[in-house]
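Asks: Take a look at target-v3.cif, mmCIF, C-alpha atoms:
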data_target
loop_
_atom_site.label_atom_id
_atom_site.label_comp_id
_atom_site.auth_asym_id
_atom_site.auth_seq_id
_atom_site.Cartn_x
_atom_site.Cartn_y
_atom_site.Cartn_z
CA MET A 1 0.00 0.00 0.00
CA ILE A 2 2.72 2.38 0.99
CA ALA A 3 4.65 1.34 -2.09
CA VAL A 4 1.69 2.22 -4.32
CA LEU A 5 1.37 5.51 -2.49
CA GLY A 6 5.05 6.14 -3.17
CA LEU A 7 4.51 5.64 -6.88
CA VAL A 8 1.52 7.97 -6.95
CA VAL A 9 3.31 10.63 -4.93
CA GLY A 10 6.31 10.39 -7.27
CA VAL A 11 4.18 10.90 -10.37
CA VAL A 12 2.34 13.82 -8.81
CA ALA A 13 5.56 15.39 -7.61
CA GLY A 14 7.11 15.05 -11.05
CA LEU A 15 4.11 16.70 -12.66
CA VAL A 16 3.68 19.46 -10.10
CA VAL A 17 7.21 20.44 -9.19
CA ARG A 18 8.44 20.21 -12.76
CA PRO A 19 12.05 19.60 -11.83
CA VAL A 20 14.67 20.37 -14.43
CA VAL A 21 16.67 17.36 -15.47
CA PRO A 22 20.36 18.08 -15.99
CA LEU A 23 21.24 17.89 -19.64
CA ALA A 24 23.88 15.25 -19.02
CA VAL A 25 21.32 12.88 -17.48
CA GLU A 26 18.53 13.55 -19.94
CA PRO A 27 19.37 10.92 -22.59
CA TYR A 28 19.51 8.16 -19.96
CA LEU A 29 16.25 8.96 -18.24
CA PRO A 30 13.90 7.13 -20.60
CA ILE A 31 15.95 3.94 -20.60
CA ALA A 32 16.39 4.15 -16.85
CA VAL A 33 12.64 4.48 -16.42
CA VAL A 34 12.01 1.45 -18.59
CA ALA A 35 14.62 -0.54 -16.67
CA ALA A 36 13.04 0.49 -13.38
CA LEU A 37 9.65 -0.57 -14.69
CA ASP A 38 11.13 -3.95 -15.50
CA ALA A 39 12.47 -4.24 -11.97
CA VAL A 40 9.11 -3.27 -10.52
CA PHE A 41 7.26 -5.87 -12.56
CA GLY A 42 9.83 -8.46 -11.56
CA GLY A 43 9.35 -7.50 -7.93
CA LEU A 44 5.59 -7.71 -8.25
CA ARG A 45 5.87 -11.15 -9.75
CA ALA A 46 8.20 -12.26 -7.01
CA MET A 47 5.78 -10.98 -4.43
CA LEU A 48 2.96 -12.92 -5.99
CA ASP A 49 5.19 -15.96 -6.02
CA GLY A 50 5.84 -15.40 -2.37
CA ILE A 51 9.59 -15.05 -2.77
CA PHE A 52 9.82 -11.28 -2.65
CA ASP A 53 12.87 -9.96 -0.87
CA ASP A 54 13.34 -6.26 -0.41
CA LYS A 55 17.11 -6.47 -0.58
CA VAL A 56 16.97 -8.28 -3.87
CA PHE A 57 14.44 -5.77 -5.15
CA VAL A 58 16.60 -2.79 -4.25
CA VAL A 59 19.70 -4.30 -5.78
CA SER A 60 17.92 -5.37 -8.93
CA PHE A 61 16.21 -1.99 -9.28
CA LEU A 62 19.42 -0.01 -8.92
CA SER A 63 21.54 -2.36 -11.01
CA ASN A 64 18.91 -2.37 -13.75
CA VAL A 65 18.90 1.40 -13.91
CA VAL A 66 22.66 1.67 -13.78
CA VAL A 67 23.26 -1.00 -16.38
CA ALA A 68 20.67 0.43 -18.72
CA ALA A 69 22.16 3.88 -18.45
CA LEU A 70 25.62 2.44 -18.88
CA ILE A 71 24.60 0.61 -22.05
CA VAL A 72 23.12 3.78 -23.51
CA PHE A 73 26.20 5.75 -22.53
CA LEU A 74 28.45 3.14 -24.10
CA GLY A 75 26.30 3.06 -27.20
CA ASP A 76 26.52 6.82 -27.52
CA LYS A 77 30.27 6.64 -27.22
CA LEU A 78 30.46 3.89 -29.81
CA GLY A 79 28.13 5.71 -32.17
CA VAL A 80 25.39 3.07 -31.96
CA GLY A 81 23.43 4.74 -29.18
CA ALA A 82 20.10 4.64 -31.00
CA GLN A 83 20.37 0.97 -31.96
CA LEU A 84 21.62 -0.06 -28.57
CA SER A 85 18.87 1.76 -26.70
CA THR A 86 16.36 0.17 -29.05
CA GLY A 87 17.85 -3.21 -28.17
CA VAL A 88 17.70 -2.48 -24.48
CA VAL A 89 14.10 -1.38 -24.74
CA VAL A 90 13.20 -4.50 -26.69
CA VAL A 91 14.84 -6.80 -24.16
CA LEU A 92 13.30 -5.01 -21.23
CA GLY A 93 9.95 -4.98 -22.98
CA ILE A 94 10.09 -8.75 -23.50
CA ARG A 95 10.92 -9.23 -19.84
CA ILE A 96 8.15 -6.91 -18.78
CA PHE A 97 5.72 -8.88 -20.91
CA SER A 98 6.82 -12.23 -19.51
CA ASN A 99 6.60 -10.88 -15.96
CA ALA A 100 3.23 -9.41 -16.73
CA ALA A 101 2.11 -12.78 -18.03
CA ALA A 102 3.19 -14.46 -14.79
CA ILE A 103 1.43 -11.78 -12.75
CA ARG A 104 -1.66 -12.24 -14.84
CA ARG A 105 -1.61 -15.95 -14.24
CA HIS A 106 -1.44 -15.34 -10.53
CA VAL A 107 -4.09 -12.70 -10.38
CA PHE A 108 -6.60 -13.98 -12.88
CA ARG A 109 -5.58 -17.64 -12.86
CA ALA A 110 -5.49 -17.52 -16.64
CA MET B 8 15.81 -7.47 -11.74
CA SER B 9 17.54 -10.35 -13.34
CA ASP B 10 17.94 -11.67 -9.85
CA ASP B 11 14.24 -11.35 -9.30
CA SER B 12 13.33 -13.16 -12.44
CA ASN B 13 15.91 -15.81 -11.78
CA ASP B 14 14.40 -16.23 -8.42
CA SER B 15 10.92 -16.35 -9.76
CA LYS B 16 11.54 -18.46 -12.84
CA PRO B 17 12.30 -21.70 -11.10
CA ASP B 18 9.27 -20.82 -9.13
CA GLY B 19 7.50 -24.00 -10.04
CA ALA B 20 10.36 -26.07 -8.68
CA LEU B 21 10.61 -24.02 -5.56
CA PRO B 22 7.54 -24.67 -3.47
CA PRO B 23 9.44 -26.55 -0.83
CA GLU B 24 12.04 -23.77 -0.57
CA ARG B 25 9.38 -21.21 -0.30
CA GLU B 26 8.35 -22.07 3.13
CA GLU B 27 11.82 -21.52 4.46
CA PRO B 28 12.61 -18.10 2.92
CA SER B 29 9.04 -16.96 3.16
CA GLU B 30 9.81 -15.40 6.47
CA PRO B 31 11.99 -12.56 5.20
CA PRO B 32 9.76 -11.26 2.39
CA GLU B 33 6.33 -10.59 3.76
CA ALA B 34 6.50 -11.58 7.32
CA ALA B 35 8.48 -8.70 8.77
CA GLY B 36 5.37 -6.92 10.02
CA ALA B 37 2.99 -9.67 10.92
CA GLN B 38 5.23 -12.61 11.20
CA GLY B 39 3.07 -14.66 13.40
CA ALA B 40 -0.04 -14.29 11.36
CA ASP B 41 1.74 -14.93 8.10
CA LYS B 42 3.50 -17.92 9.37
CA SER B 43 0.41 -19.41 10.73
CA ALA B 44 -1.44 -18.65 7.53
CA ASP B 45 1.35 -20.17 5.46
CA LYS B 46 1.50 -23.18 7.60
CA GLY B 47 -2.19 -23.56 7.56
CA ASP B 48 -2.23 -23.18 3.79
CA ASP B 49 0.55 -25.65 3.38
CA SER B 50 -1.56 -28.49 4.43
CA GLY B 51 -4.55 -27.43 2.37
CA PRO B 52 -4.48 -25.09 -0.70
CA GLN B 53 -1.45 -22.80 -0.88
CA LEU B 54 -1.69 -19.09 -0.30
CA THR B 55 -2.40 -17.87 -3.81
CA GLY B 56 -0.73 -14.91 -5.47
CA ARG B 57 -3.98 -13.06 -5.39
CA GLN B 58 -4.29 -13.45 -1.67
CA ARG B 59 -0.68 -12.38 -1.17
CA LEU B 60 -1.33 -9.27 -3.26
CA ALA B 61 -4.43 -8.43 -1.30
CA LYS B 62 -2.60 -8.98 1.95
CA ALA B 63 0.28 -6.75 0.86
CA VAL B 64 -1.99 -3.99 -0.34
CA TRP B 65 -4.78 -3.76 2.06
CA PRO B 66 -3.77 -3.62 5.67
CA PRO B 67 -1.22 -0.83 5.20
CA ARG B 68 1.79 -1.95 7.21
CA VAL B 69 4.80 0.24 7.72
CA THR B 70 7.58 -2.22 7.13
CA ARG B 71 11.12 -1.75 5.98
CA ALA B 72 10.36 -3.51 2.72
CA GLN B 73 7.32 -1.36 2.07
CA LEU B 74 9.25 1.82 2.79
CA ILE B 75 12.16 0.90 0.56
CA VAL B 76 9.89 -0.17 -2.25
CA ALA B 77 7.90 3.02 -1.78
CA LEU B 78 11.08 5.05 -2.08
CA LEU B 79 12.15 3.30 -5.25
CA LEU B 80 8.69 3.57 -6.73
CA PHE B 81 8.68 7.24 -5.85
CA VAL B 82 11.88 7.64 -7.86
CA LEU B 83 10.35 5.66 -10.70
CA GLY B 84 7.21 7.76 -10.71
CA LEU B 85 9.26 10.92 -10.64
CA GLY B 86 11.35 9.85 -13.60
CA LEU B 87 8.28 8.67 -15.44
CA ALA B 88 6.48 11.96 -14.93
CA ILE B 89 9.50 14.02 -15.87
CA GLN B 90 10.08 12.01 -19.00
CA VAL B 91 6.44 12.08 -20.04
CA ARG B 92 6.23 15.79 -19.45
CA SER B 93 9.42 16.66 -21.26
CA THR B 94 8.40 14.43 -24.16
CA SER B 95 4.96 15.95 -24.48
CA GLU B 96 6.19 19.44 -23.80
CA ASN B 97 8.92 19.63 -26.37
CA SER B 98 8.04 19.75 -29.98
CA ALA B 99 7.64 16.67 -32.07
CA LEU B 100 11.30 16.95 -32.98
CA ARG B 101 12.40 15.15 -29.84
CA GLY B 102 10.74 11.90 -30.78
CA ALA B 103 11.40 12.21 -34.48
CA ARG B 104 13.54 9.66 -36.25
CA ARG B 105 16.81 10.61 -37.81
CA GLU B 106 15.48 10.44 -41.36
CA ASP B 107 12.60 12.68 -40.39
CA LEU B 108 14.97 15.12 -38.79
CA VAL B 109 17.13 15.17 -41.90
CA ARG B 110 14.06 15.76 -44.04
CA ILE B 111 12.85 18.53 -41.76
CA LEU B 112 16.28 20.10 -41.85
CA ASP B 113 16.31 19.90 -45.64
CA GLU B 114 12.93 21.52 -45.81
CA LEU B 115 14.08 24.27 -43.51
CA ASP B 116 17.15 24.79 -45.66
CA ASP B 117 15.01 25.00 -48.76
CA ARG B 118 12.69 27.41 -47.09
CA THR B 119 15.61 29.53 -45.93
CA LYS B 120 16.97 29.56 -49.45
CA ARG B 121 13.64 30.58 -50.88
CA LEU B 122 13.26 33.34 -48.35
CA GLU B 123 16.80 34.51 -49.03
CA ASP B 124 16.01 34.64 -52.73
CA GLU B 125 12.89 36.60 -52.05
CA LYS B 126 14.78 38.96 -49.79
CA ARG B 127 17.40 39.52 -52.46
CA LYS B 128 14.73 40.23 -55.03
CA LEU B 129 12.97 42.67 -52.75
CA ASP B 130 16.25 44.33 -51.88
CA GLY B 131 16.93 44.81 -55.57
CA GLN B 132 13.50 46.30 -56.06
CA ARG B 133 14.04 48.63 -53.17
CA THR B 134 17.38 49.78 -54.53
CA GLN B 135 15.78 50.30 -57.91
CA LEU B 136 12.97 52.30 -56.40
CA GLU B 137 15.37 54.38 -54.38
CA THR B 138 17.56 55.20 -57.34
CA SER B 139 14.55 55.84 -59.52
CA SER B 140 13.09 58.15 -56.93
CA ASP B 141 16.48 59.84 -56.83
CA GLN B 142 16.27 60.14 -60.56
CA ALA B 143 12.77 61.47 -60.33
CA GLU B 144 13.95 64.01 -57.78
CA GLU B 145 16.78 65.02 -60.05
CA ALA B 146 14.44 65.28 -62.99
CA ARG B 147 12.06 67.37 -60.97
CA LYS B 148 14.88 69.70 -60.00
CA GLN B 149 15.98 70.05 -63.57
CA THR B 150 12.44 70.61 -64.66
CA LYS B 151 12.07 73.34 -62.09
CA GLU B 152 15.23 75.07 -63.28
CA LYS B 153 14.08 74.75 -66.82
CA GLU B 154 10.70 76.10 -65.88
CA ALA B 155 12.36 79.13 -64.33
CA GLN B 156 14.50 79.68 -67.41
CA LEU B 157 11.59 79.24 -69.74
CA GLY B 158 9.48 81.40 -67.48
CA VAL B 159 11.91 84.25 -68.00
CA LEU B 160 11.68 83.78 -71.73
CA ALA B 161 7.93 83.41 -71.76
CA GLY B 162 7.45 86.30 -69.38
CA THR B 163 5.59 84.34 -66.75
CA VAL B 164 8.09 85.08 -64.00
CA ALA B 165 9.82 88.26 -62.94
CA ALA B 166 13.49 88.64 -63.73
CA GLU B 167 16.31 90.78 -62.57
CA GLY B 168 19.92 91.30 -63.44
CA PRO B 169 22.30 93.72 -65.10
CA GLY B 170 21.10 95.59 -68.13
CA ILE B 171 20.14 98.99 -69.43
CA HIS B 172 17.41 101.57 -69.20
CA MET B 173 16.38 103.24 -72.39
CA THR B 174 14.02 106.19 -72.48
CA ILE B 175 12.69 107.55 -75.73
CA LYS B 176 11.08 110.95 -75.53
CA ASP B 177 9.33 111.89 -78.70
CA ARG B 178 7.21 115.00 -78.58
CA ALA B 179 6.92 115.09 -82.33
CA GLY B 180 5.26 111.71 -82.43
CA ALA B 181 7.72 110.33 -84.88
CA THR B 182 8.12 107.06 -83.06
CA ASP B 183 5.91 104.39 -84.53
CA SER B 184 5.57 100.71 -84.03
CA ASP B 185 8.24 99.97 -86.63
CA THR B 186 10.76 101.99 -84.70
CA LEU B 187 9.98 100.28 -81.46
CA LEU B 188 10.11 96.88 -83.14
CA ASP B 189 13.47 97.79 -84.63
CA ALA B 190 14.70 98.71 -81.17
CA VAL B 191 13.43 95.44 -79.72
CA GLN B 192 15.01 93.40 -82.52
CA GLU B 193 18.28 95.23 -82.06
CA LEU B 194 18.23 94.51 -78.36
CA ARG B 195 17.39 90.85 -78.94
CA ALA B 196 20.22 90.55 -81.40
CA ALA B 197 22.51 92.01 -78.78
CA GLY B 198 21.53 89.31 -76.35
CA ALA B 199 18.70 90.84 -74.35
CA GLU B 200 17.14 88.17 -72.20
CA ALA B 201 14.14 89.92 -70.71
CA MET B 202 12.58 93.29 -71.42
CA GLU B 203 9.55 95.37 -70.80
CA VAL B 204 8.35 98.64 -72.16
CA ASN B 205 6.13 100.91 -70.11
CA GLY B 206 5.08 98.05 -67.94
CA VAL B 207 4.38 95.59 -70.76
CA ARG B 208 6.52 92.46 -70.98
CA VAL B 209 8.07 91.95 -74.36
CA VAL B 210 8.40 88.30 -75.37
CA ALA B 211 8.76 86.28 -78.53
CA ASP B 212 5.23 86.75 -79.80
CA THR B 213 4.79 90.36 -78.70
CA HIS B 214 3.36 92.49 -81.48
CA PHE B 215 3.49 96.25 -82.00
CA THR B 216 0.79 98.13 -83.85
CA ASP B 217 0.28 101.83 -84.40
CA SER B 218 -2.64 103.32 -82.68
CA GLY B 219 -3.43 106.98 -82.90
CA GLY B 220 -0.86 108.99 -80.90
CA GLY B 221 0.81 105.91 -79.44
CA VAL B 222 1.67 102.33 -79.94
CA ASP B 223 -0.33 99.27 -79.10
CA VAL B 224 1.78 96.52 -77.54
CA ASP B 225 0.00 93.20 -77.16
CA GLY B 226 -3.25 95.10 -76.83
CA HIS B 227 -1.92 97.56 -74.24
CA LYS B 228 -1.78 101.08 -75.48
CA ILE B 229 1.35 102.93 -74.44
CA GLU B 230 2.43 106.47 -75.10
CA GLN B 231 5.70 108.35 -75.06
CA PRO B 232 7.97 108.53 -73.25
CA TYR B 233 8.80 104.91 -73.95
CA ARG B 234 10.84 103.44 -71.15
CA PHE B 235 12.57 100.17 -71.84
CA GLU B 236 13.95 97.95 -69.11
CA VAL B 237 16.27 95.40 -70.65
CA ILE B 238 18.25 92.65 -68.96
CA GLY B 239 21.35 91.53 -70.75
CA LYS B 240 25.02 92.27 -70.96
CA PRO B 241 25.17 96.09 -70.72
CA ALA B 242 28.43 96.24 -72.64
CA ASP B 243 26.72 94.51 -75.57
CA LEU B 244 23.35 96.19 -75.39
CA GLU B 245 24.43 99.81 -75.31
CA PRO B 246 26.76 99.70 -78.32
CA ALA B 247 24.12 97.77 -80.23
CA LEU B 248 21.75 100.71 -79.82
CA ASN B 249 24.40 103.31 -80.52
CA ILE B 250 25.92 101.91 -83.67
CA PRO B 251 25.93 104.35 -86.62
CA GLY B 252 22.65 104.05 -88.46
CA GLY B 253 21.22 102.21 -85.50
CA VAL B 254 18.19 102.82 -83.39
CA VAL B 255 19.48 105.80 -81.47
CA GLN B 256 20.73 107.60 -84.53
CA THR B 257 17.53 106.95 -86.42
CA LEU B 258 15.43 108.29 -83.58
CA LYS B 259 17.63 111.32 -83.16
CA ASN B 260 17.19 112.02 -86.81
CA LYS B 261 13.45 112.06 -86.11
CA GLN B 262 13.92 114.68 -83.39
CA ALA B 263 13.44 112.24 -80.54
CA THR B 264 15.69 112.15 -77.52
CA VAL B 265 17.03 108.79 -76.51
CA ASP B 266 18.65 108.22 -73.18
CA VAL B 267 20.46 104.94 -72.59
CA THR B 268 21.99 104.18 -69.17
CA ARG B 269 23.63 101.04 -67.95
CA SER B 270 22.56 99.60 -64.64
CA GLY B 271 23.83 96.82 -62.47
CA LYS B 272 20.36 95.84 -61.47
CA ILE B 273 17.38 95.95 -63.74
CA THR B 274 14.10 94.49 -62.58
CA VAL B 275 11.66 93.24 -65.16
CA ASP B 276 8.55 92.42 -63.20
CA ALA B 277 5.82 92.86 -65.72
CA LEU B 278 4.25 89.45 -66.28
CA ARG B 279 2.36 87.76 -69.06
CA GLN B 280 -0.10 84.94 -68.78
CA ALA B 281 1.30 81.75 -70.16
CA LYS B 282 -0.90 80.82 -73.07
CA ARG B 283 -1.60 77.19 -73.52
CA PRO B 284 -1.14 76.29 -77.15
CA ASP B 285 -4.26 74.96 -78.78
CA TYR B 286 -2.61 72.58 -81.21
CA ALA B 287 1.06 72.29 -80.55
CA ARG B 288 1.94 69.60 -78.03
CA SER B 289 5.29 68.81 -76.60
CA SER B 290 6.78 65.94 -78.52
CA SER B 291 9.49 65.20 -76.02
CA ARG B 292 8.94 62.00 -74.03
#
I'd like the structure from this file rewritten - as structure tokens, please.
Replies:
Amino acid sequence: MIAVLGLVVGVVAGLVVRPVVPLAVEPYLPIAVVAALDAVFGGLRAMLDGIFDDKVFVVSFLSNVVVAALIVFLGDKLGVGAQLSTGVVVVLGIRIFSNAAAIRRHVFRA
Amino acid sequence: MSDDSNDSKPDGALPPEREEPSEPPEAAGAQGADKSADKGDDSGPQLTGRQRLAKAVWPPRVTRAQLIVALLLFVLGLGLAIQVRSTSENSALRGARREDLVRILDELDDRTKRLEDEKRKLDGQRTQLETSSDQAEEARKQTKEKEAQLGVLAGTVAAEGPGIHMTIKDRAGATDSDTLLDAVQELRAAGAEAMEVNGVRVVADTHFTDSGGGVDVDGHKIEQPYRFEVIGKPADLEPALNIPGGVVQTLKNKQATVDVTRSGKITVDALRQAKRPDYARSSSR
């Protein structure tokens, strides 16, 4: 419950406060958000499976974000930033879908 | 995340493990209840995912796990909102593909080029207009000068300058229109530029006719003494009148007295109406 509240408060704060993202961080934000979404779905699935562990969730969340940003950064440096971020998004999207499928099976038993 | 999924993937094979580590995940707040529930479920149907979700959501428990997850989700929501806002706020260019951007850039270049061309054309037109208005100004100035010159000739404007006075006194009445015309012709030949006699401007089409006791000049009757005001070069005009057999001598032979004096400033201010020709039209331009 508190976790859901945290998400809602974060969205509202982002919309209301309108913080300015530093230019250096800006290109990594979308990928980082997608990676974090992946981590959240994974955590939700783990919770439904009954094996949720907050330590694992924190580590996976942070490492997901960092690795995603790192990949984009590396891609930019190598000149394949667009392709690499597309790849990252595809992989994360597949994972989100598979996690969502597992969650769905738990919640709807279908 | 990968850890999570790794953990959750072998999920099917894990049921026995689950009982052991199930303490750390959910049980921090209500360990006893959970444990008992788990244990109770173990024998019968397992605690389903749906039940776990409901349990996690509804009785709001302040646990370490909940707080940490809330913090991370707060960060996620923040980033999400920022990204969504900046994406929707900025123009469509942000999300555009590279090819689209190149095309847009090309279009902008084309447009810039077209506008530059137009600007150059308009600049040229402006320059042309400026110079032509300069020319028009110049032409107007010249026309004005010419008008003044022609006005002096046509007698429509007053004139002044060096010249001579000539007074003909003729009590005997020997001076007729021929004599006056001779005098005028002589003066013209000597370079007279403007003249009047007794307040009547003498111009190219001035005519002299005899009329009892005087002379009719352009319909104005004048009588002696005849006073000429003539603008021209005095050194030319005076000798022209005084040459042997000239106007002065002829008049003196007729018992008239002629008095010619040079002057530095003669004013010819008698005017004539400019007559608009009925048939002749300017053929220039």
Asks: Would you work out the distance separating atom CA of A:Asp49 from atom CA of A:Ala102, expressed in Å to one decimal?
Replies: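 Between atom CA of A:Asp49 and atom CA of A:Ala102 the gap works out to 9.1 Å.
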Asks: Quote the spacing between atom CA of B:Glu152 and atom CA of B:Glu200 in Å to one decimal place.
Replies: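 Atom CA of B:Glu152 sits 16.0 Å away from atom CA of B:Glu200.
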Asks: Between A:Gly14, A:Ala24, A:Leu62, A:Ile31, which residue has the minimum interatomic distance to A:Leu84, considering only C-alpha atoms?
Replies: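 That would be A:Ile31, the residue with the smallest distance to A:Leu84.
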Asks: Return as a list in words the residues belonging to chain A that are within 6 Å of chain B, counting all atoms listed in the file.
Replies: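 Going by the stated atoms only, the list reads Met1, Ile2, Ala3, Gly6, Leu7, Gly10, Val11, Gly14, Leu15, Ala39, Gly42, Ala46, Leu48, Phe52, Asp53, Asp54, Ser60, His106 and Val107 of chain A.
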Asks: Grab the residues selected above and save them as an mmCIF file, in the frame of the given file with C-alpha atoms.
Replies:
data_model
loop_
_atom_site.group_PDB
_atom_site.id
_atom_site.type_symbol
_atom_site.label_atom_id
_atom_site.label_comp_id
_atom_site.auth_asym_id
_atom_site.auth_seq_id
_atom_site.Cartn_x
_atom_site.Cartn_y
_atom_site.Cartn_z
ATOM 1 C CA MET A 1 0.000 0.000 0.000
ATOM 2 C CA ILE A 2 2.720 2.380 0.990
ATOM 3 C CA ALA A 3 4.650 1.340 -2.090
ATOM 4 C CA GLY A 6 5.050 6.140 -3.170
ATOM 5 C CA LEU A 7 4.510 5.640 -6.880
ATOM 6 C CA GLY A 10 6.310 10.390 -7.270
ATOM 7 C CA VAL A 11 4.180 10.900 -10.370
ATOM 8 C CA GLY A 14 7.110 15.050 -11.050
ATOM 9 C CA LEU A 15 4.110 16.700 -12.660
ATOM 10 C CA ALA A 39 12.470 -4.240 -11.970
ATOM 11 C CA GLY A 42 9.830 -8.460 -11.560
ATOM 12 C CA ALA A 46 8.200 -12.260 -7.010
ATOM 13 C CA LEU A 48 2.960 -12.920 -5.990
ATOM 14 C CA PHE A 52 9.820 -11.280 -2.650
ATOM 15 C CA ASP A 53 12.870 -9.960 -0.870
ATOM 16 C CA ASP A 54 13.340 -6.260 -0.410
ATOM 17 C CA SER A 60 17.920 -5.370 -8.930
ATOM 18 C CA HIS A 106 -1.440 -15.340 -10.530
ATOM 19 C CA VAL A 107 -4.090 -12.700 -10.380
#
Asks: For the structure provided, state which residues fall under the PyMOL selection byres ((chain B and resi 173) around 9), and present them as number ranges by chain.
Replies: B: 171-172, 174-175, 233-237, 265-269
